[in-house]
Structures are given as structure tokens and as C-alpha cells.
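Colleague: upload.cif is reproduced in full below (mmCIF, C-alpha atoms).
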```
data_work
loop_
_atom_site.label_atom_id
_atom_site.label_comp_id
_atom_site.auth_asym_id
_atom_site.auth_seq_id
_atom_site.Cartn_x
_atom_site.Cartn_y
_atom_site.Cartn_z
CA MET M 269 10.07 -13.93 12.73
CA VAL M 270 11.78 -13.80 9.34
CA THR M 271 15.20 -15.46 9.46
CA ALA M 272 18.04 -13.67 7.71
CA ARG M 273 20.61 -15.49 5.63
CA GLU M 274 24.19 -14.24 5.87
CA TRP M 275 26.82 -14.30 3.16
CA GLU M 276 30.16 -12.66 2.44
CA PHE M 277 31.48 -10.83 -0.58
CA ALA M 278 34.78 -9.18 -1.42
CA GLY M 279 34.62 -5.51 -0.54
CA THR M 280 37.02 -2.72 -1.42
CA ARG M 281 39.07 -3.27 1.73
CA GLY M 282 38.21 -6.77 2.86
CA ALA M 283 35.34 -9.20 3.32
CA VAL M 284 31.89 -7.68 3.81
CA THR M 285 29.19 -9.60 5.65
CA ALA M 286 25.70 -9.10 4.25
CA ARG M 287 22.23 -10.29 5.20
CA VAL M 288 19.11 -11.01 3.20
CA TRP M 289 15.58 -11.42 4.53
CA PRO M 290 13.81 -13.17 1.64
CA HIS M 291 10.24 -12.87 0.43
CA GLY M 292 8.74 -15.69 -1.61
CA SER M 293 7.26 -13.41 -4.28
CA PRO M 294 8.71 -9.93 -3.72
CA ARG M 295 7.32 -6.74 -5.28
CA TYR M 296 10.56 -4.85 -4.67
CA VAL M 297 13.98 -5.04 -3.03
CA ALA M 298 14.74 -2.89 0.00
CA VAL M 299 18.44 -2.25 0.62
CA LEU M 300 19.35 -1.11 4.16
CA SER M 301 22.36 1.07 4.98
CA HIS M 302 23.03 1.25 8.73
CA GLY M 303 24.62 4.01 10.80
CA TYR M 304 27.97 4.63 12.45
CA GLY M 305 29.18 2.15 15.06
CA GLU M 306 26.26 -0.26 14.67
CA HIS M 307 25.38 -3.18 12.38
CA LEU M 308 22.53 -4.50 10.26
CA GLY M 309 21.38 -6.94 12.94
CA ARG M 310 19.78 -3.99 14.74
CA TYR M 311 17.32 -3.67 11.83
CA GLN M 312 15.59 -7.04 12.23
CA HIS M 313 12.21 -5.42 12.99
CA VAL M 314 12.58 -3.00 10.07
CA ALA M 315 13.37 -5.88 7.73
CA GLU M 316 10.40 -7.88 9.01
CA ALA M 317 8.03 -4.94 8.43
CA LEU M 318 9.30 -4.53 4.87
CA VAL M 319 9.08 -8.25 4.16
CA ARG M 320 5.45 -8.19 5.34
CA HIS M 321 4.96 -5.32 2.90
CA GLY M 322 6.26 -7.41 0.01
CA ALA M 323 10.00 -6.79 -0.09
CA THR M 324 13.07 -8.92 -0.14
CA VAL M 325 15.36 -7.01 2.23
CA CYS M 326 19.14 -6.99 2.26
CA GLY M 327 22.13 -4.94 3.31
CA PRO M 328 25.74 -5.08 4.49
CA ASP M 329 27.59 -4.52 7.70
CA HIS M 330 29.69 -1.62 6.46
CA LEU M 331 33.50 -1.75 6.40
CA GLY M 332 34.84 -1.88 9.97
CA HIS M 333 31.39 -2.56 11.42
CA GLY M 334 29.53 -5.58 12.73
CA ARG M 335 30.83 -8.83 11.26
CA SER M 336 32.64 -7.23 8.32
CA ALA M 337 36.41 -6.97 8.03
CA GLY M 338 38.52 -3.97 8.94
CA GLU M 339 39.67 -2.06 12.00
CA ARG M 340 36.63 -1.19 14.05
CA VAL M 341 34.78 1.93 12.80
CA LEU M 342 37.74 2.97 10.64
CA ILE M 343 36.61 4.29 7.25
CA GLU M 344 39.17 6.38 5.41
CA ASP M 345 37.00 7.10 2.36
CA MET M 346 33.21 6.85 2.25
CA GLU M 347 33.46 6.12 -1.47
CA ASP M 348 34.78 2.67 -0.47
CA VAL M 349 31.58 1.96 1.45
CA VAL M 350 29.45 3.27 -1.42
CA ALA M 351 31.35 0.93 -3.75
CA ASP M 352 30.68 -2.02 -1.43
CA LEU M 353 26.98 -1.16 -1.41
CA HIS M 354 27.03 -1.09 -5.21
CA THR M 355 28.61 -4.56 -5.27
CA LEU M 356 25.78 -5.82 -3.05
CA VAL M 357 23.10 -4.27 -5.25
CA GLU M 358 24.64 -5.82 -8.36
CA ALA M 359 24.61 -9.23 -6.64
CA VAL M 360 20.95 -8.83 -5.68
CA ARG M 361 20.06 -7.85 -9.25
CA VAL M 362 21.25 -11.27 -10.44
CA ASP M 363 18.34 -12.88 -8.54
CA HIS M 364 15.86 -10.02 -9.02
CA PRO M 365 16.75 -8.35 -12.32
CA ARG M 366 13.45 -6.56 -12.88
CA LEU M 367 12.42 -5.56 -9.37
CA PRO M 368 12.44 -1.92 -8.20
CA ILE M 369 15.09 -1.08 -5.63
CA VAL M 370 14.36 1.11 -2.61
CA LEU M 371 17.44 2.27 -0.68
CA VAL M 372 16.93 3.00 3.03
CA GLY M 373 19.71 4.77 4.94
CA HIS M 374 19.95 5.80 8.59
CA SER M 375 22.35 8.43 10.01
CA MET M 376 25.79 7.78 8.47
CA GLY M 377 23.98 5.22 6.34
CA GLY M 378 21.81 8.05 5.04
CA LEU M 379 24.93 9.92 3.97
CA ILE M 380 26.10 6.78 2.18
CA ALA M 381 22.67 6.35 0.57
CA VAL M 382 22.59 9.91 -0.78
CA ARG M 383 26.07 9.56 -2.21
CA TYR M 384 25.02 6.24 -3.77
CA ALA M 385 21.99 7.94 -5.32
CA GLN M 386 24.19 10.66 -6.79
CA LEU M 387 26.48 8.07 -8.41
CA HIS M 388 23.94 5.38 -9.35
CA ARG M 389 20.65 7.21 -9.70
CA ALA M 390 19.39 4.99 -12.54
CA GLU M 391 19.50 1.88 -10.34
CA LEU M 392 17.08 3.23 -7.74
CA THR M 393 13.31 3.57 -7.69
CA ALA M 394 13.11 5.39 -4.34
CA LEU M 395 15.23 6.65 -1.44
CA VAL M 396 14.37 6.72 2.28
CA LEU M 397 16.52 8.77 4.67
CA SER M 398 16.27 8.48 8.46
CA GLY M 399 18.11 11.12 10.50
CA PRO M 400 20.77 11.39 7.78
CA VAL M 401 24.19 12.96 8.35
CA LEU M 402 23.97 15.75 5.79
CA GLY M 403 24.70 19.45 5.68
CA ARG M 404 25.86 21.30 8.78
CA TRP M 405 26.85 18.96 11.62
CA ASP M 406 28.32 21.10 14.39
CA ALA M 407 29.46 18.11 16.46
CA LEU M 408 31.64 16.93 13.59
CA ALA M 409 33.35 20.31 13.29
CA ALA M 410 33.96 20.38 17.04
CA LEU M 411 35.48 16.90 17.08
CA LEU M 412 37.77 17.66 14.15
CA ALA M 413 38.92 20.86 15.87
CA ALA M 414 39.84 19.01 19.06
CA GLU M 415 43.50 18.19 19.59
CA GLU M 416 42.48 14.80 20.95
CA ILE M 417 39.21 13.00 20.22
CA PRO M 418 37.43 12.50 23.56
CA ASP M 419 36.75 8.89 24.58
CA VAL M 420 33.05 9.47 25.15
CA PRO M 421 30.62 6.82 23.86
CA ILE M 422 27.27 7.71 22.36
CA ASP M 423 24.71 8.39 25.09
CA PRO M 424 22.10 5.63 24.67
CA ASP M 425 19.37 7.98 25.90
CA THR M 426 19.78 10.02 22.71
CA LEU M 427 18.66 7.09 20.55
CA SER M 428 15.02 6.68 21.57
CA ARG M 429 12.43 7.46 24.22
CA ASP M 430 12.10 3.69 24.63
CA PRO M 431 14.62 2.75 27.37
CA SER M 432 14.86 -0.84 26.13
CA VAL M 433 16.51 0.45 22.92
CA GLY M 434 19.35 2.11 24.83
CA LYS M 435 19.77 -0.94 27.07
CA ALA M 436 20.05 -3.30 24.08
CA TYR M 437 22.51 -0.91 22.41
CA VAL M 438 24.80 -0.81 25.45
CA GLU M 439 24.73 -4.60 25.78
CA ASP M 440 25.30 -5.35 22.07
CA PRO M 441 28.86 -6.69 21.55
CA LEU M 442 28.77 -5.83 17.84
CA VAL M 443 28.17 -2.14 18.58
CA TRP M 444 31.25 0.08 18.90
CA HIS M 445 31.37 1.75 22.32
CA GLY M 446 34.70 3.54 21.95
CA PRO M 447 35.66 6.98 20.65
CA PHE M 448 35.38 8.27 17.11
CA LYS M 449 38.49 7.82 14.97
CA ARG M 450 39.87 10.91 13.30
CA PRO M 451 40.21 9.38 9.79
CA THR M 452 36.54 8.38 9.91
CA LEU M 453 35.51 11.89 10.97
CA GLU M 454 37.62 13.32 8.14
CA ALA M 455 35.99 10.91 5.69
CA LEU M 456 32.54 11.98 6.88
CA ASP M 457 33.46 15.64 6.45
CA THR M 458 34.83 15.03 2.96
CA CYS M 459 31.73 13.10 1.91
CA ILE M 460 29.37 15.79 3.22
CA ARG M 461 31.24 18.39 1.17
CA ARG M 462 31.32 16.13 -1.89
CA ILE M 463 27.56 15.61 -1.68
CA ASP M 464 26.93 19.35 -1.36
CA GLU M 465 29.00 19.95 -4.49
CA SER M 466 27.53 17.13 -6.60
CA GLY M 467 24.02 18.31 -7.32
CA GLY M 468 20.52 17.26 -6.42
CA LEU M 469 18.60 14.00 -6.64
CA GLY M 470 16.57 14.97 -9.70
CA ASP M 471 13.23 13.20 -9.89
CA LEU M 472 14.19 10.35 -7.51
CA PRO M 473 11.29 9.99 -5.04
CA THR M 474 12.74 10.62 -1.58
CA LEU M 475 11.26 10.26 1.90
CA TRP M 476 13.05 12.06 4.75
CA VAL M 477 12.08 11.09 8.33
CA HIS M 478 13.69 12.77 11.34
CA GLY M 479 13.15 13.14 15.07
CA GLU M 480 12.48 16.70 16.21
CA ASP M 481 14.52 16.02 19.38
CA ASP M 482 17.46 14.39 17.59
CA ARG M 483 20.49 15.45 19.62
CA LEU M 484 23.00 13.31 17.72
CA VAL M 485 22.24 14.59 14.22
CA PRO M 486 20.16 17.71 14.86
CA LEU M 487 17.28 18.48 12.53
CA ALA M 488 18.34 22.04 11.69
CA GLY M 489 21.77 20.98 10.44
CA THR M 490 20.43 18.13 8.34
CA ARG M 491 17.88 20.45 6.77
CA THR M 492 20.71 22.47 5.20
CA GLY M 493 21.96 19.28 3.54
CA ILE M 494 18.50 18.22 2.41
CA GLU M 495 18.01 21.61 0.75
CA ALA M 496 21.32 21.14 -1.11
CA VAL M 497 20.28 17.79 -2.63
CA ARG M 498 16.49 17.85 -2.72
CA GLY M 499 14.90 16.94 -6.00
CA ALA M 500 11.45 17.35 -7.45
CA ASP M 501 9.84 14.61 -5.31
CA LEU M 502 10.65 15.02 -1.61
CA THR M 503 8.35 13.93 1.22
CA GLU M 504 9.30 15.17 4.70
CA ARG M 505 8.09 13.76 8.02
CA ILE M 506 9.32 15.29 11.29
CA TYR M 507 8.20 13.56 14.50
CA PRO M 508 7.68 15.73 17.61
CA GLU M 509 9.79 14.69 20.64
CA ALA M 510 11.33 11.77 18.72
CA ARG M 511 15.07 11.22 19.04
CA HIS M 512 17.72 9.93 16.65
CA GLU M 513 16.57 6.40 15.80
CA VAL M 514 13.02 6.95 14.58
CA PHE M 515 12.80 3.32 13.45
CA ASN M 516 13.34 2.42 17.14
CA GLU M 517 11.15 5.13 18.62
CA THR M 518 8.00 4.70 20.68
CA ASN M 519 6.05 5.55 17.52
CA ARG M 520 8.10 3.17 15.34
CA ASP M 521 4.97 1.61 13.84
CA GLU M 522 3.85 5.04 12.63
CA VAL M 523 7.27 5.70 11.07
CA LEU M 524 7.44 2.33 9.34
CA GLY M 525 3.88 2.89 8.14
CA GLU M 526 5.02 6.15 6.55
CA VAL M 527 7.76 4.22 4.76
CA THR M 528 5.45 1.55 3.36
CA THR M 529 2.83 4.14 2.35
CA PHE M 530 5.55 6.09 0.53
CA VAL M 531 6.76 2.96 -1.25
CA ASP M 532 3.20 2.08 -2.27
CA ARG M 533 2.79 5.53 -3.78
CA VAL M 534 6.05 5.24 -5.72
CA LEU M 535 5.31 1.74 -7.00
CA SER M 536 1.73 2.48 -8.00
#
```
Would it be possible to restate this file's structure as C-alpha cells?
Modeller:
Amino acid sequence: MVTAREWEFAGTRGAVTARVWPHGSPRYVAVLSHGYGEHLGRYQHVAEALVRHGATVCGPDHLGHGRSAGERVLIEDMEDVVADLHTLVEAVRVDHPRLPIVLVGHSMGGLIAVRYAQLHRAELTALVLSGPVLGRWDALAALLAAEEIPDVPIDPDTLSRDPSVGKAYVEDPLVWHGPFKRPTLEALDTCIRRIDESGGLGDLPTLWVHGEDDRLVPLAGTRTGIEAVRGADLTERIYPEARHEVFNETNRDEVLGEVTTFVDRVLS
């Protein structure tokens, strides 16, 4: 098991807790951007796979998530979270000034990663998107139209076919189990629109992985967003019967193998 080191840095709206899983002689740096309501600690196995592949791995608990400061799951502007991610990348570059950077984003973290790539394209060597919140997301429109946001937590069965994943999610005290907050939903909606209006990813090599049975961020809606931003080098992998968290799915080794194969191709 690779032990992560934690540190804090000053974010746009308070202290941000970050983790790094070091490699003694890394070939590249992998930066992880987690999803809504969760935290980077849920990516231990992802980090370990990437360290075995030759990466130093790092990432933050986003504003209002995990061990970072802020009201729980309250994000009023996604640009703040993108700025925090940029601060982290700049800090990592001090120790690894010449290494390629691969940004890996899941769900809301995929939205953040795409926006980061639009603003800081030159810093990145590759982009990996897992079930990203992009394009048409009908659930978001329905929640914003509701007079009152329902207090319904995420159904753990929608995460993975592996029941142990849902069980761990429910029992994790750092996971948010309450309702969405309207300002966060509005910030998500604004960021989706901003991404759609800001152009494609150019020649940035991009891998998109998605579960065919993703009921949280359905495939068809995300595809509209991918088409809006896709560049000249897009690899797409859709997994039959897989749910939202493909890195936690029953075929997780296959998915992580796709990621490392993609990175090898980009770095070669």
C-alpha cells in the first residue's frame, strides 16, 4: 500500500487539504479531481495503480468537501475550484518542473478538469474523464426547477455493481449524505454552459470512460457535452452494464488498464 502525505494550501475560499502519493522516480504526475460529495481518500486504489505505472499522484479535497474548509458541498462558483486546482498544480511543478501532467477527473471532477483544460491547456499532457458532468444533465434541470430541493441522498446502488462500494460509501463520514444545495447546482449549471461556449480541447489527448448503465450522469447527456468540447485526439471507452463509478466497478482493473495504456501511448 502506498501511503499518502497530506498538506494544506490557501485556496480561494479557505484552506484546501491535498494528498500526494509519491513515486521515487516518476515518469509523470497524475492529478486527481474527485466528484460531488466525496473526497480524494476514495481514490486510494486509483492512486496506487498509477504509482505502480510510474506516476507521482496528487489532488485536493475540493472546497467544501472532505477535509477542506467551507460549508459542506457548497460551491458558489466552479471557477474557484478550478483556481484551487491550478494552485496545486503550480505547487507540484516546483518539485517536478519537467514532468508531463495528466489530469484525471470523475463526475463533477470531470467538469472541473475540462474547465481547467480550457483555461490552462498548455500545462497538460493528457486528460482523462470518468463519467463527467458535461452537456445535457436532465436531473440538474429538474432539481433547479423544484421549489424545494428534495432531501434524498445518492442511491449507493447507482455507484457500482460491487455492493461493497455502496456499503463503504454509506459508512464514510467524509462523504456528504444530505441534499444538494441550490447555489452548488446553479454553479454546476453555469459551468456547463461556460464550457459549451468556450471551445474545444484542441489537440489535447483525451480519454473518456463511462458506464453504459450510469443512472447518475447518463451517457446520452454527457455525449452532448463531449461533442461540444472534443478535440482532434479523443479516445472513448463505454463499458456495458457499468454504473457511475467505473474506477470502482467490477471491471475496475480493465478500466484502470485502459487509463495506463492511454497514458503510455501519449508519453511514447
Colleague: Report as number ranges by chain the residues that result from applying the PyMOL selection byres ((chain M and resi 298) around 12) to the structure here.
Modeller: M: 287-291, 294-297, 299-301, 314-327, 356-357, 360-361, 364, 367-373, 392-396, 527-528, 531
Colleague: Using all atoms listed in the file, which protein or nucleic acid residues come within 12 Å of Ala385 in chain M? Drop anything in the same chain fewer than 2 positions from it, and give the result as a VMD selection string.
Modeller: chain M and resid 350 to 351 353 to 354 369 to 373 378 to 383 387 to 397 463 466 to 474 497 to 499
Colleague: Carefully work through the PyMOL selection byres ((chain M and resi 504-514) around 7) for this structure and note down the residues it includes, as a list in words.
Modeller: Gly399, Thr426, Leu427, Ser428, Arg429, Leu475, Trp476, Val477, His478, Gly479, Glu480, Asp481, Asp482, Arg483, Leu484, Val485, Leu502, Thr503, Phe515, Asn516, Glu517, Arg520 and Val523 of chain M
Colleague: Do you have the CA of Phe277 in chain M-CA of Lys449 in chain M distance handy?
Modeller: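 According to the coordinates, CA of Phe277 in chain M and CA of Lys449 in chain M are separated by 25.3 Å.
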Colleague: Between CA of Arg340 in chain M and CA of Arg273 in chain M, measure the distance and give it in Å to one decimal.
Modeller: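 Distance between the two atoms: 23.1 Å.
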Colleague: Work out how far apart CA of Leu331 in chain M and CA of Leu411 in chain M are and give it in Å to one decimal.
Modeller: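 These two atoms are separated by 21.6 Å.
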Colleague: When the PyMOL selection byres ((chain M and resi 412-415) around 10) is applied to the file above, which residues end up in the set, as a list of chain:residue names?
Modeller: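 After applying the PyMOL selection byres ((chain M and resi 412-415) around 10), what remains is M:Ala407, M:Leu408, M:Ala409, M:Ala410, M:Leu411, M:Glu416, M:Ile417, M:Pro418, M:Lys449, M:Arg450, M:Pro451, M:Leu453, M:Glu454, M:Asp457.
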